[in-house]
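Chemist: Got a structure for you, written out below as structure tokens; questions coming shortly.
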Amino acid sequence: MKRLVVVYNPRSSKQALIREQVLSELGGLRGYLVGKYEVKKASLEQNARDLAGILIDGDLVLATGGDGTVTMTLNAVIQSKKMVTLSGLAYGNFNDLGSILGVPGGVKEVVRKYEADEIKSVYPLEVRIDEKHWRYALGYVTVGMLAASTMVFEEPKVREKLKTGKTGRFFSLWALKNWYFKHRCKQILPDFELNGQKMTGMTDYLAVNGPRVGGVMKGGDWYLEVGKFGSGTKRLRRLFGLLRFMFRSMTKGIPLSETEGDVLEFEEPAEVIIQGEGEFVRVRGQKIEVKKRGEVRMVG
């Protein structure tokens, strides 16, 4: 019998909808042994290891939730080293990965597409810090100020407001504005070399693999490419520069150059904030490498 593994976060702001529209539908599936994985109150990496440990060849894995849940599931699928297929139902606040993985129509449509062999391959980014694997990301990775600004969405007041939809989005943008004016002068990356070229006074490095970043900025369809993605460095400490960057990114797309891999090397070990799909951490290292590695089967 085929297995369907549904991944969801019981603490998600959309957990009531997930229970109503997804979990309640599972009992009606025929021909599938259905399992559920509840995201634990642990790190993304620990959840990915735990989920990877229960996957077997032939599984259909359905990530139900926001970008954090999808990213964790993606990492688990790759780390499992099993022949499994990934799909997603978007129930997040920004759903950047929903534009890649999301299947309109719910669980039954995911299963229909899977049984009709509507499968394609996607190629995620891998980030290594000082030669050690850190994380896979299907949509994007940033280092610096934009990564640091995502901590706003961890504030209880902002998370609660985001449940209200458009009103919450407006509130979160207001919170981001306040964060920017308070922290922008501190958000300059230490000098580094990018593929051997000296970079000074930068606030951000971006590696973009998918069509959306932060819900509003336009990327591209590099996730379908075996070895290429878009990347760039930015100086966004000045308000005019930030506004110009945001306007350009929301209309024509983020200004990026196509690359087959990037290496950021600081003059000495540095503490920076890095994030993939909105999930940020503070790390200390001297070398950050971003490159395409791995292939994932995806319903789509």
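Ordered as shown in the structure tokens, chains take letters A, B, and onward, while each chain numbers its residues from 1 and ligands are numbered from 1 in the order shown.
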Name all residues at most 12 Å from Gly27 (chain A) (count only C-alpha atoms; drop same-chain ones fewer than 5 positions away) and give them as an MDAnalysis selection string.
Modeler: chainID A and resid 4 22 32:35 107:108
Chemist: For Tyr223 (chain A), work out the shell of residues within 6 Å, counting only C-alpha atoms and skipping chain neighbours fewer than 6 positions away, then give it as a ChimeraX atom specification.
Modeler: /A:122-123,209-210
Chemist: For CA of Glu279 (chain A) and CA of Val61 (chain A), determine how far apart the two atoms are, in Å to one decimal place.
Modeler: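 If I compute the distance from CA of Glu279 (chain A) to CA of Val61 (chain A), I get 20.7 Å.
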Chemist: To one decimal place in Å, what is the distance between CA of Ile188 (chain A) and CA of Val213 (chain A)?
Modeler: 20.8 Å
Chemist: What does the structure give for the distance between CA of Ile119 (chain A) and CA of Gln275 (chain A), in Å to one decimal?
Modeler: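 So the two atoms, CA of Ile119 (chain A) and CA of Gln275 (chain A), lie 28.3 Å apart.
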Chemist: Excluding region 265-272 of chain A and its own-chain neighbours fewer than 3 positions away, which residues fall within 7 Å of it when counting only C-alpha atoms? Please give them as a VMD selection string.
Modeler: chain A and resid 144 190 to 194 282 to 288
Chemist: Take the residues just selected and output them with C-alpha atoms as a tab-separated table (two decimals), in the first residue's frame.
Modeler:
```tsv
chain	number	residue	atom	x	y	z
A	144	GLY	CA	22.84	40.44	6.28
A	190	PRO	CA	32.13	42.86	7.42
A	191	ASP	CA	34.31	43.20	4.32
A	192	PHE	CA	34.38	39.98	2.33
A	193	GLU	CA	35.34	38.53	-1.02
A	194	LEU	CA	32.64	37.21	-3.34
A	282	ARG	CA	22.95	33.86	13.75
A	283	VAL	CA	26.14	32.06	12.75
A	284	ARG	CA	29.86	32.58	13.10
A	285	GLY	CA	32.09	31.56	10.23
A	286	GLN	CA	34.64	32.67	7.67
A	287	LYS	CA	33.35	31.03	4.50
A	288	ILE	CA	29.81	30.69	3.16
```
Chemist: What residues in region 13-223 of chain A get the DSSP label alpha helix (DSSP H)? Please answer as a ChimeraX atom specification.
Modeler: /A:15-21,44-52,67-80,98-101,107-115,145-149,156-162,166-183
Chemist: If you run DSSP on this backbone, which residues of region 68-288 of chain A come out as strand (DSSP E or B), and could you give them as a ChimeraX atom specification?
Modeler: /A:85-90,102,119-122,125-129,132-137,140-144,192-194,197-199,204-208,212-213,217-218,229-234,257-259,262-276,279-288
Chemist: Please produce a file of those selected residues containing C-alpha atoms, as a JSON list (two decimals), in the first residue's frame.
Modeler:
```json
[["chain", "number", "residue", "atom", "x", "y", "z"],
["A", 85, "THR", "CA", 7.98, 12.76, -3.89],
["A", 86, "LEU", "CA", 7.33, 16.17, -2.33],
["A", 87, "SER", "CA", 4.23, 18.31, -2.59],
["A", 88, "GLY", "CA", 2.74, 21.22, -0.67],
["A", 89, "LEU", "CA", -0.42, 23.03, 0.33],
["A", 90, "ALA", "CA", 0.18, 26.69, 1.13],
["A", 102, "GLY", "CA", 1.48, 24.73, -3.87],
["A", 119, "ILE", "CA", 5.93, 14.94, -11.48],
["A", 120, "LYS", "CA", 8.83, 17.27, -12.19],
["A", 121, "SER", "CA", 12.32, 17.74, -10.80],
["A", 122, "VAL", "CA", 13.42, 20.82, -8.86],
["A", 125, "LEU", "CA", 20.31, 25.58, -3.21],
["A", 126, "GLU", "CA", 22.63, 24.17, -0.59],
["A", 127, "VAL", "CA", 24.40, 26.44, 1.88],
["A", 128, "ARG", "CA", 27.64, 25.35, 3.52],
["A", 129, "ILE", "CA", 29.36, 27.30, 6.29],
["A", 132, "LYS", "CA", 29.87, 22.09, 6.70],
["A", 133, "HIS", "CA", 26.32, 21.66, 5.43],
["A", 134, "TRP", "CA", 23.89, 24.18, 6.91],
["A", 135, "ARG", "CA", 20.62, 23.99, 4.97],
["A", 136, "TYR", "CA", 18.86, 23.39, 1.66],
["A", 137, "ALA", "CA", 16.61, 26.14, 0.33],
["A", 140, "TYR", "CA", 16.10, 31.91, -1.59],
["A", 141, "VAL", "CA", 18.84, 32.59, 0.93],
["A", 142, "THR", "CA", 20.02, 35.97, 2.20],
["A", 143, "VAL", "CA", 22.84, 37.10, 4.46],
["A", 144, "GLY", "CA", 22.84, 40.44, 6.28],
["A", 192, "PHE", "CA", 34.38, 39.98, 2.33],
["A", 193, "GLU", "CA", 35.34, 38.53, -1.02],
["A", 194, "LEU", "CA", 32.64, 37.21, -3.34],
["A", 197, "GLN", "CA", 36.16, 40.05, -5.69],
["A", 198, "LYS", "CA", 36.43, 42.46, -2.74],
["A", 199, "MET", "CA", 33.11, 43.69, -1.32],
["A", 204, "ASP", "CA", 23.18, 42.13, 2.00],
["A", 205, "TYR", "CA", 23.98, 39.10, -0.11],
["A", 206, "LEU", "CA", 21.06, 37.40, -1.89],
["A", 207, "ALA", "CA", 20.83, 34.03, -3.63],
["A", 208, "VAL", "CA", 17.48, 33.60, -5.36],
["A", 212, "ARG", "CA", 9.13, 35.24, -4.98],
["A", 213, "VAL", "CA", 11.04, 36.62, -2.01],
["A", 217, "MET", "CA", 9.77, 40.74, -4.54],
["A", 218, "LYS", "CA", 10.05, 38.96, -7.89],
["A", 229, "PHE", "CA", 20.54, 30.66, -9.81],
["A", 230, "GLY", "CA", 20.47, 34.43, -9.40],
["A", 231, "SER", "CA", 22.61, 36.29, -6.86],
["A", 232, "GLY", "CA", 23.84, 39.73, -5.93],
["A", 233, "THR", "CA", 25.12, 42.04, -3.21],
["A", 234, "LYS", "CA", 23.33, 45.22, -2.10],
["A", 257, "SER", "CA", 23.30, 38.13, -11.94],
["A", 258, "GLU", "CA", 23.11, 34.51, -12.99],
["A", 259, "THR", "CA", 25.71, 32.27, -11.38],
["A", 262, "ASP", "CA", 29.03, 31.71, -4.94],
["A", 263, "VAL", "CA", 31.67, 31.74, -2.23],
["A", 264, "LEU", "CA", 31.62, 34.51, 0.39],
["A", 265, "GLU", "CA", 34.86, 34.66, 2.35],
["A", 266, "PHE", "CA", 35.36, 37.07, 5.24],
["A", 267, "GLU", "CA", 38.79, 38.36, 6.18],
["A", 268, "GLU", "CA", 38.39, 36.64, 9.55],
["A", 269, "PRO", "CA", 35.60, 34.65, 11.23],
["A", 270, "ALA", "CA", 32.54, 36.89, 11.43],
["A", 271, "GLU", "CA", 29.15, 36.75, 13.13],
["A", 272, "VAL", "CA", 26.35, 37.26, 10.60],
["A", 273, "ILE", "CA", 22.65, 36.52, 10.28],
["A", 274, "ILE", "CA", 21.63, 34.16, 7.49],
["A", 275, "GLN", "CA", 18.17, 33.00, 6.52],
["A", 276, "GLY", "CA", 16.52, 30.67, 4.05],
["A", 279, "GLU", "CA", 13.97, 30.99, 8.83],
["A", 280, "PHE", "CA", 16.98, 32.86, 10.24],
["A", 281, "VAL", "CA", 19.91, 32.00, 12.48],
["A", 282, "ARG", "CA", 22.95, 33.86, 13.75],
["A", 283, "VAL", "CA", 26.14, 32.06, 12.75],
["A", 284, "ARG", "CA", 29.86, 32.58, 13.10],
["A", 285, "GLY", "CA", 32.09, 31.56, 10.23],
["A", 286, "GLN", "CA", 34.64, 32.67, 7.67],
["A", 287, "LYS", "CA", 33.35, 31.03, 4.50],
["A", 288, "ILE", "CA", 29.81, 30.69, 3.16]]
```
Chemist: With only C-alpha atoms as the basis for distance, which of A:Ile254, A:Ala116, A:Leu62, A:Leu242 is at the shortest distance from Val103 (chain A)?
Modeler: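 Of A:Ile254, A:Ala116, A:Leu62, A:Leu242, the one nearest Val103 (chain A), counting only C-alpha atoms, is A:Leu62.
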Chemist: Can you tell me, as an NGL selection string, what residues are no more than 12 Å from Gln21 (chain A) when counting only C-alpha atoms, ignoring any on the same chain fewer than 2 positions away?
Modeler: :A and (14-19 or 23-26 or 64-65 or 89-91 or 105-108)
Chemist: Of the candidates A:Gly196, A:Gly92, A:Pro104, A:Gly53, which shows the shortest atom-to-atom distance to Gly66 (chain A), using only C-alpha atoms?
Modeler: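 Closest to Gly66 (chain A), using only C-alpha atoms: A:Gly92.
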Chemist: I'd like the contact shell of Arg235 (chain A) - 7 Å cut-off, only C-alpha atoms, skipping same-chain residues fewer than 4 positions apart - returned as an mmCIF file with all heavy atoms, in the first residue's frame.
Modeler:
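Result written to out05.cif:
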```
data_model
loop_
_atom_site.group_PDB
_atom_site.id
_atom_site.type_symbol
_atom_site.label_atom_id
_atom_site.label_comp_id
_atom_site.auth_asym_id
_atom_site.auth_seq_id
_atom_site.Cartn_x
_atom_site.Cartn_y
_atom_site.Cartn_z
ATOM 1 N N GLY A 201 31.272 47.576 2.471
ATOM 2 C CA GLY A 201 30.102 48.391 2.776
ATOM 3 C C GLY A 201 28.779 47.781 2.369
ATOM 4 O O GLY A 201 27.771 48.492 2.264
ATOM 5 N N MET A 202 28.734 46.472 2.141
ATOM 6 C CA MET A 202 27.496 45.816 1.744
ATOM 7 C C MET A 202 26.637 45.517 2.964
ATOM 8 O O MET A 202 27.144 45.195 4.031
ATOM 9 C CB MET A 202 27.788 44.515 0.992
ATOM 10 C CG MET A 202 28.583 44.691 -0.282
ATOM 11 S SD MET A 202 27.644 45.635 -1.500
ATOM 12 C CE MET A 202 28.900 45.847 -2.776
ATOM 13 N N THR A 203 25.328 45.618 2.775
ATOM 14 C CA THR A 203 24.406 45.217 3.837
ATOM 15 C C THR A 203 23.854 43.819 3.583
ATOM 16 O O THR A 203 23.424 43.155 4.526
ATOM 17 C CB THR A 203 23.220 46.185 3.951
ATOM 18 O OG1 THR A 203 22.503 46.209 2.696
ATOM 19 C CG2 THR A 203 23.681 47.589 4.289
ATOM 20 N N ASP A 204 23.874 43.365 2.313
ATOM 21 C CA ASP A 204 23.180 42.128 1.999
ATOM 22 C C ASP A 204 23.833 41.344 0.866
ATOM 23 O O ASP A 204 24.379 41.929 -0.082
ATOM 24 C CB ASP A 204 21.726 42.417 1.586
ATOM 25 C CG ASP A 204 20.888 42.933 2.722
ATOM 26 O OD1 ASP A 204 20.367 42.111 3.491
ATOM 27 O OD2 ASP A 204 20.785 44.170 2.856
#
```
Chemist: In terms of the shortest atom-to-atom distance over only C-alpha atoms, which of A:Leu256, A:Trp179, A:Asn195, A:Gly241 is closest to Trp222 (chain A)?
Modeler: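 Smallest distance to Trp222 (chain A) is found for A:Leu256.
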Chemist: Pick out the residues sitting within 12 Å of Gln46 (chain A), and hand them over as a PyMOL selection string; count only C-alpha atoms, and ignore anything fewer than 5 positions along from it in its own chain.
Modeler: chain A and resi 39-41+51-53+72-73+75-76+79+135
Chemist: With only C-alpha atoms as the counted atoms, please give the residues lying no more than 8 Å from Gly58 (chain A), apart from itself and same-chain residues fewer than 5 positions off, as number ranges by chain.
Modeler: A: 2-3, 82-85
